[in-house]
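*Asks:* My structure is in run34.pdb, and what it holds is PDB, C-alpha atoms:
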```pdb
MODEL        1
ATOM      1  CA  MET A 182     145.238 110.499 127.763
ATOM      2  CA  HIS A 183     141.895 112.270 127.552
ATOM      3  CA  VAL A 184     143.658 115.547 126.787
ATOM      4  CA  ARG A 185     145.751 113.878 124.110
ATOM      5  CA  ASN A 186     142.660 112.440 122.423
ATOM      6  CA  ALA A 187     140.963 115.813 122.585
ATOM      7  CA  LEU A 188     144.010 117.466 120.997
ATOM      8  CA  LEU A 189     144.120 114.842 118.237
ATOM      9  CA  SER A 190     140.411 115.334 117.574
ATOM     10  CA  LEU A 191     140.891 119.094 117.503
ATOM     11  CA  LEU A 192     143.906 118.748 115.175
ATOM     12  CA  THR A 193     141.917 116.434 112.875
ATOM     13  CA  LEU A 194     139.030 118.869 112.889
ATOM     14  CA  CYS A 195     141.385 121.773 112.035
ATOM     15  CA  MET A 196     142.945 119.791 109.186
ATOM     16  CA  LEU A 197     139.520 118.898 107.781
ATOM     17  CA  ALA A 198     138.470 122.529 108.008
ATOM     18  CA  SER A 199     141.694 123.559 106.281
ATOM     19  CA  PHE A 200     141.074 121.083 103.440
ATOM     20  CA  ALA A 201     137.517 122.315 103.091
ATOM     21  CA  VAL A 202     138.646 125.956 102.918
ATOM     22  CA  SER A 203     141.375 125.027 100.434
ATOM     23  CA  ALA A 204     138.913 123.092  98.254
ATOM     24  CA  LEU A 205     136.473 125.996  98.377
ATOM     25  CA  ALA A 206     139.251 128.414  97.419
ATOM     26  CA  ASP A 207     140.322 126.138  94.524
ATOM     27  CA  THR A 208     136.719 125.927  93.317
ATOM     28  CA  THR A 209     136.351 129.702  93.531
ATOM     29  CA  ILE A 210     139.647 130.265  91.697
ATOM     30  CA  HIS A 211     138.692 127.714  89.025
ATOM     31  CA  ARG A 212     135.259 129.321  88.606
ATOM     32  CA  SER A 213     136.860 132.767  88.450
ATOM     33  CA  LYS A 214     139.352 131.592  85.794
ATOM     34  CA  SER A 215     136.534 129.990  83.800
ATOM     35  CA  GLU A 216     134.461 133.165  84.005
ATOM     36  CA  ASN A 217     137.463 135.267  82.947
ATOM     37  CA  ALA A 218     138.187 132.914  80.035
ATOM     38  CA  ALA A 219     134.544 133.067  78.923
ATOM     39  CA  ALA A 220     134.558 136.874  79.139
ATOM     40  CA  SER A 221     137.825 137.019  77.152
ATOM     41  CA  THR A 222     136.411 134.703  74.480
ATOM     42  CA  LYS A 223     133.306 136.872  74.223
ATOM     43  CA  ARG A 224     135.393 140.067  73.938
ATOM     44  CA  LEU A 225     137.587 138.500  71.263
ATOM     45  CA  ALA A 226     134.564 137.338  69.242
ATOM     46  CA  LYS A 227     133.023 140.827  69.443
ATOM     47  CA  SER A 228     136.291 142.417  68.409
ATOM     48  CA  PHE A 229     136.553 139.947  65.505
ATOM     49  CA  GLU A 230     133.128 141.059  64.266
ATOM     50  CA  GLN A 231     134.532 144.584  63.892
ATOM     51  CA  HIS A 232     137.611 143.279  62.100
ATOM     52  CA  ALA A 233     135.376 141.222  59.800
ATOM     53  CA  THR A 234     133.554 144.420  58.839
ATOM     54  CA  CYS A 235     136.917 145.963  57.908
ATOM     55  CA  LEU A 236     137.829 142.872  55.881
ATOM     56  CA  GLN A 237     134.484 143.103  54.090
ATOM     57  CA  GLN A 238     135.191 146.744  53.204
ATOM     58  CA  TRP A 239     138.682 145.765  52.058
ATOM     59  CA  MET A 240     137.218 143.064  49.801
ATOM     60  CA  GLU A 241     134.785 145.575  48.324
ATOM     61  CA  GLN A 242     137.598 148.042  47.558
ATOM     62  CA  VAL A 243     139.787 145.384  45.949
ATOM     63  CA  TYR A 244     136.864 144.238  43.777
ATOM     64  CA  ALA A 245     136.302 147.860  42.735
ATOM     65  CA  SER A 246     139.950 147.988  41.627
ATOM     66  CA  ASN A 247     139.656 144.625  39.854
ATOM     67  CA  PRO A 248     136.288 144.443  38.040
ATOM     68  CA  SER A 249     137.446 141.553  35.841
ATOM     69  CA  GLU A 250     138.039 139.464  38.960
ATOM     70  CA  LEU A 251     134.568 140.275  40.263
ATOM     71  CA  GLN A 252     133.044 139.256  36.918
ATOM     72  CA  LYS A 253     134.423 135.739  37.403
ATOM     73  CA  SER A 254     131.908 135.317  40.228
ATOM     74  CA  THR A 255     129.001 137.646  39.526
ATOM     75  CA  GLN A 256     127.547 140.604  37.665
ATOM     76  CA  VAL A 257     126.579 142.483  40.852
ATOM     77  CA  SER A 258     128.412 145.447  42.372
ATOM     78  CA  PRO A 259     131.484 145.047  44.585
ATOM     79  CA  ARG A 260     129.381 146.059  47.607
ATOM     80  CA  GLU A 261     126.690 143.467  46.859
ATOM     81  CA  MET A 262     129.277 140.736  46.348
ATOM     82  CA  ALA A 263     131.099 141.509  49.597
ATOM     83  CA  GLU A 264     127.764 141.613  51.449
ATOM     84  CA  TRP A 265     126.792 138.255  49.928
ATOM     85  CA  VAL A 266     130.128 136.678  50.926
ATOM     86  CA  PHE A 267     130.101 137.923  54.518
ATOM     87  CA  HIS A 268     126.381 137.684  55.298
ATOM     88  CA  GLY A 269     124.977 135.142  52.857
ATOM     89  CA  PRO A 270     123.660 131.724  53.904
ATOM     90  CA  PHE A 271     126.712 129.799  52.677
ATOM     91  CA  ASN A 272     128.736 129.566  55.913
ATOM     92  CA  TRP A 273     131.878 130.459  53.969
ATOM     93  CA  LYS A 274     131.658 127.450  51.642
ATOM     94  CA  PHE A 275     131.506 128.614  48.044
ATOM     95  CA  ASP A 276     131.255 126.333  45.027
ATOM     96  CA  ALA A 277     133.323 128.802  42.987
ATOM     97  CA  ILE A 278     136.351 127.993  45.162
ATOM     98  CA  ARG A 279     135.506 124.298  45.669
ATOM     99  CA  SER A 280     134.167 124.981  49.190
ATOM    100  CA  LEU A 281     137.761 125.411  50.375
ATOM    101  CA  GLN A 282     138.560 127.389  53.497
ATOM    102  CA  GLY A 283     141.604 128.393  55.520
ATOM    103  CA  ARG A 284     145.032 127.544  54.172
ATOM    104  CA  GLU A 285     143.587 125.574  51.271
ATOM    105  CA  ALA A 286     141.634 128.629  50.057
ATOM    106  CA  LEU A 287     144.752 130.806  50.394
ATOM    107  CA  GLN A 288     146.751 128.294  48.347
ATOM    108  CA  LEU A 289     144.022 128.221  45.717
ATOM    109  CA  SER A 290     144.139 132.022  45.390
ATOM    110  CA  VAL A 291     147.732 131.834  44.100
ATOM    111  CA  SER A 292     147.504 128.540  42.229
ATOM    112  CA  ASP A 293     148.448 128.728  38.529
ATOM    113  CA  ASP A 294     145.767 126.120  37.815
ATOM    114  CA  PHE A 295     142.969 128.254  39.235
ATOM    115  CA  SER A 296     141.202 130.585  36.804
ATOM    116  CA  GLY A 297     138.412 131.602  39.196
ATOM    117  CA  ASP A 298     137.904 134.525  41.552
ATOM    118  CA  ARG A 299     141.173 134.971  43.434
ATOM    119  CA  ILE A 300     139.783 137.746  45.637
ATOM    120  CA  LEU A 301     137.032 135.421  46.849
ATOM    121  CA  ALA A 302     139.544 132.637  47.538
ATOM    122  CA  PHE A 303     141.955 134.944  49.376
ATOM    123  CA  THR A 304     139.270 136.651  51.474
ATOM    124  CA  THR A 305     137.614 133.342  52.367
ATOM    125  CA  GLY A 306     140.953 131.836  53.360
ATOM    126  CA  THR A 307     141.844 134.865  55.467
ATOM    127  CA  TYR A 308     138.496 135.138  57.242
ATOM    128  CA  THR A 309     138.140 131.434  58.001
ATOM    129  CA  LEU A 310     141.734 131.103  59.200
ATOM    130  CA  LEU A 311     141.425 134.069  61.563
ATOM    131  CA  SER A 312     138.030 132.878  62.799
ATOM    132  CA  SER A 313     139.668 129.706  64.102
ATOM    133  CA  TYR A 314     141.547 131.868  66.626
ATOM    134  CA  CYS A 315     138.746 134.304  67.451
ATOM    135  CA  LEU A 316     135.383 132.538  67.423
ATOM    136  CA  PRO A 317     134.176 129.981  69.977
ATOM    137  CA  SER A 318     132.805 127.852  67.109
ATOM    138  CA  PRO A 319     135.358 128.280  64.310
ATOM    139  CA  LEU A 320     134.399 127.744  60.688
ATOM    140  CA  TYR A 321     137.740 126.211  59.825
ATOM    141  CA  VAL A 322     139.507 123.591  61.901
ATOM    142  CA  SER A 323     142.991 122.634  60.808
ATOM    143  CA  SER A 324     144.663 119.331  61.595
ATOM    144  CA  GLU A 325     147.744 121.314  62.621
ATOM    145  CA  SER A 326     147.579 124.056  65.196
ATOM    146  CA  LYS A 327     149.892 126.980  64.494
ATOM    147  CA  PRO A 328     150.565 130.127  66.537
ATOM    148  CA  ILE A 329     148.696 133.188  65.289
ATOM    149  CA  ALA A 330     151.978 134.892  64.319
ATOM    150  CA  VAL A 331     152.749 132.043  61.886
ATOM    151  CA  THR A 332     149.254 132.258  60.383
ATOM    152  CA  ILE A 333     149.508 136.028  59.958
ATOM    153  CA  GLN A 334     152.812 135.548  58.117
ATOM    154  CA  GLU A 335     151.153 132.968  55.816
ATOM    155  CA  ILE A 336     148.408 135.464  54.943
ATOM    156  CA  LYS A 337     150.977 138.206  54.294
ATOM    157  CA  ARG A 338     153.060 135.931  52.068
ATOM    158  CA  THR A 339     149.937 134.960  50.145
ATOM    159  CA  ILE A 340     148.906 138.567  49.424
ATOM    160  CA  ASP A 341     152.459 139.295  48.267
ATOM    161  CA  ALA A 342     152.405 136.243  45.999
ATOM    162  CA  LEU A 343     148.946 137.157  44.740
ATOM    163  CA  MET A 344     150.162 140.575  43.668
ATOM    164  CA  GLN A 345     153.192 139.070  41.899
ATOM    165  CA  THR A 346     151.481 136.118  40.242
ATOM    166  CA  THR A 347     151.530 136.398  36.474
ATOM    167  CA  HIS A 348     148.900 133.806  35.623
ATOM    168  CA  ASN A 349     147.738 136.041  32.832
ATOM    169  CA  SER A 350     148.521 139.727  32.395
ATOM    170  CA  ALA A 351     144.813 140.468  32.076
ATOM    171  CA  ASP A 352     144.270 138.656  35.384
ATOM    172  CA  SER A 353     146.938 140.442  37.422
ATOM    173  CA  LEU A 354     145.447 141.860  40.589
ATOM    174  CA  ILE A 355     145.777 145.524  41.345
ATOM    175  CA  ILE A 356     146.056 146.169  45.060
ATOM    176  CA  SER A 357     146.861 149.767  45.911
ATOM    177  CA  ALA A 358     149.352 150.710  48.603
ATOM    178  CA  THR A 359     146.427 151.927  50.713
ATOM    179  CA  GLU A 360     144.578 148.613  50.385
ATOM    180  CA  TYR A 361     147.787 146.692  51.075
ATOM    181  CA  GLN A 362     148.527 148.724  54.216
ATOM    182  CA  ALA A 363     144.906 148.468  55.367
ATOM    183  CA  LEU A 364     145.108 144.671  55.210
ATOM    184  CA  PHE A 365     148.378 144.613  57.151
ATOM    185  CA  ALA A 366     146.935 146.965  59.790
ATOM    186  CA  LEU A 367     143.881 144.730  60.123
ATOM    187  CA  LEU A 368     146.025 141.611  60.542
ATOM    188  CA  SER A 369     148.111 143.373  63.210
ATOM    189  CA  LYS A 370     144.982 144.361  65.147
ATOM    190  CA  VAL A 371     143.632 140.800  65.066
ATOM    191  CA  GLU A 372     146.979 139.426  66.249
ATOM    192  CA  SER A 373     147.156 142.016  69.031
ATOM    193  CA  ASP A 374     143.604 141.223  70.187
ATOM    194  CA  ILE A 375     144.391 137.515  70.316
ATOM    195  CA  HIS A 376     147.540 138.073  72.367
ATOM    196  CA  THR A 377     145.706 140.449  74.709
ATOM    197  CA  THR A 378     142.890 138.010  75.475
ATOM    198  CA  GLN A 379     144.962 134.850  75.801
ATOM    199  CA  PRO A 380     146.126 133.931  79.314
TER     200      PRO A 380
ENDMDL
END
```
Go ahead and express the file in the form of structure tokens.
*Replies:*
Amino acid sequence: MHVRNALLSLLTLCMLASFAVSALADTTIHRSKSENAAASTKRLAKSFEQHATCLQQWMEQVYASNPSELQKSTQVSPREMAEWVFHGPFNWKFDAIRSLQGREALQLSVSDDFSGDRILAFTTGTYTLLSSYCLPSPLYVSSESKPIAVTIQEIKRTIDALMQTTHNSADSLIISATEYQALFALLSKVESDIHTTQP
């Protein structure tokens, strides 16, 4: 009987030790996953900063090709306007486009009722939409969550529609093949980065 009690005590002790080791392992794995997720989020945000610089340069080039569009917003140079949009104190909320962001700003850029700066609306919509996938504190939060591939397709459809919109022949946007391809390449890189960093 004494031996049996000793064996039961030993078995209980082994089971408790096993649970403790398992709990410790789970905690370590959870901490490791959390650390990996945090590192991935940080890498994605840093990568997005580089993509944002490319989008800023793209905006500047498109303004240079469309001075009448730029004049709807300002009398400064394309470079100054792009700098103001990306680094100004407005947190991507511009009165000229009704403080719209994300999908709403994209829709505004191709709306027949909108006579304002379509480049500003398109760029703001694109940047704020992509930021919701890449930044830990996104600027734009949508009520509906869509996969990045769907969002990229929305942006591509919008640029195509923007180039074909005939609101006014004087207002037609000129986007060169180089600018068009540069935007598509940028969108592909963002999508790739998101897929690479997601678990």
*Asks:* Kindly give the distance, in Å, that separates CA of Ala263 in chain A and CA of Gln238 in chain A, rounded to a single decimal.
*Replies:*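 Rounded to one decimal, the two atoms are 7.6 Å apart.
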*Asks:* Under the PyMOL selection byres ((chain A and resi 298-300) around 8), which residues of this model are included? Write them out as JSON, numbers by chain.
*Replies:* {"A": [240, 243, 244, 250, 251, 253, 254, 277, 278, 289, 290, 291, 296, 297, 301, 302, 303, 304]}
*Asks:* Enumerate, as a PDB file with C-alpha atoms, in the frame of the given file, the residues matched when the PyMOL selection byres ((chain A and resi 339) around 9) is run on the file above.
*Replies:*
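Result written to result_11.pdb:
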```
ATOM      1  CA  LEU A 287     144.752 130.806  50.394  1.00  0.00           C
ATOM      2  CA  GLN A 288     146.751 128.294  48.347  1.00  0.00           C
ATOM      3  CA  SER A 290     144.139 132.022  45.390  1.00  0.00           C
ATOM      4  CA  VAL A 291     147.732 131.834  44.100  1.00  0.00           C
ATOM      5  CA  PHE A 303     141.955 134.944  49.376  1.00  0.00           C
ATOM      6  CA  GLN A 334     152.812 135.548  58.117  1.00  0.00           C
ATOM      7  CA  GLU A 335     151.153 132.968  55.816  1.00  0.00           C
ATOM      8  CA  ILE A 336     148.408 135.464  54.943  1.00  0.00           C
ATOM      9  CA  LYS A 337     150.977 138.206  54.294  1.00  0.00           C
ATOM     10  CA  ARG A 338     153.060 135.931  52.068  1.00  0.00           C
ATOM     11  CA  ILE A 340     148.906 138.567  49.424  1.00  0.00           C
ATOM     12  CA  ASP A 341     152.459 139.295  48.267  1.00  0.00           C
ATOM     13  CA  ALA A 342     152.405 136.243  45.999  1.00  0.00           C
ATOM     14  CA  LEU A 343     148.946 137.157  44.740  1.00  0.00           C
ATOM     15  CA  MET A 344     150.162 140.575  43.668  1.00  0.00           C
TER      16      MET A 344
END
```
*Asks:* Using only C-alpha atoms, which residues sit within 10 Å of Ile375 in chain A once same-chain residues fewer than 4 positions away are excluded, as a ChimeraX atom specification?
*Replies:* /A:221-222,225-226,228-229,311,314-315,329,369-371,379-380
*Asks:* So how far away is CA of Thr309 in chain A from CA of Leu281 in chain A, in Å?
*Replies:*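 Taking CA of Leu281 in chain A and CA of Thr309 in chain A, their separation equals 9.7 Å.
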*Asks:* Using only C-alpha atoms, which of A:Gly269, A:Pro328, A:Pro248, A:Pro319 sits nearest His376 in chain A?
*Replies:*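 Answer, going by the shortest atom-to-atom distance: A:Pro328.
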*Asks:* Could you check how far CA of Glu372 in chain A sits from CA of Arg284 in chain A, in Å to one decimal?
*Replies:* 17.1 Å
*Asks:* Which residues match the PyMOL selection byres ((chain A and resi 274) around 12) in the file above, as a list of chain:residue names?
*Replies:*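 For this structure, the PyMOL selection byres ((chain A and resi 274) around 12) captures A:Trp265, A:Val266, A:Phe267, A:Gly269, A:Pro270, A:Phe271, A:Asn272, A:Trp273, A:Phe275, A:Asp276, A:Ala277, A:Ile278, A:Arg279, A:Ser280, A:Leu281, A:Gln282, A:Gly283, A:Ala286, A:Leu301, A:Ala302, A:Thr304, A:Thr305, A:Gly306, A:Tyr308, A:Thr309, A:Leu320, A:Tyr321.
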*Asks:* Just checking: using all atoms listed in the file, which residue out of A:Ser249, A:Ser313, A:Ser326, A:Thr307 ends up closest to Leu364 in chain A?
*Replies:*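 Of all the options, A:Thr307 lies closest to Leu364 in chain A.
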*Asks:* If I wrap all listed atoms of range 302-312 of chain A in a box with edges along x, y and z and add 5 Å on each side, what are its centre and edge lengths in Å to one decimal, as AutoDock Vina command-line options?
*Replies:*
```
--center_x 139.8 --center_y 133.9 --center_z 55.2 --size_x 14.3 --size_y 15.5 --size_z 25.3
```
*Asks:* Using all atoms listed in the file, find the one residue out of A:Leu354, A:Ser312, A:Ser373, A:Asp294 that sits nearest to Ala330 in chain A.
*Replies:*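 Of A:Leu354, A:Ser312, A:Ser373, A:Asp294, the one nearest Ala330 in chain A is A:Ser373, counting all atoms listed in the file.
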*Asks:* Go through A:Met262, A:Asn217, A:Thr255, A:Lys223 one by one, measure the shortest atom-to-atom distance of each to Leu316 in chain A using all atoms listed in the file, and give the residue with the smallest value.
*Replies:*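 Answer, going by the shortest atom-to-atom distance: A:Lys223.
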*Asks:* From the set A:Ile356, A:Gln345, A:Val331, A:Pro317, which residue has the shortest atom-to-atom contact distance to Lys227 in chain A, counting all atoms listed in the file?
*Replies:* A:Pro317
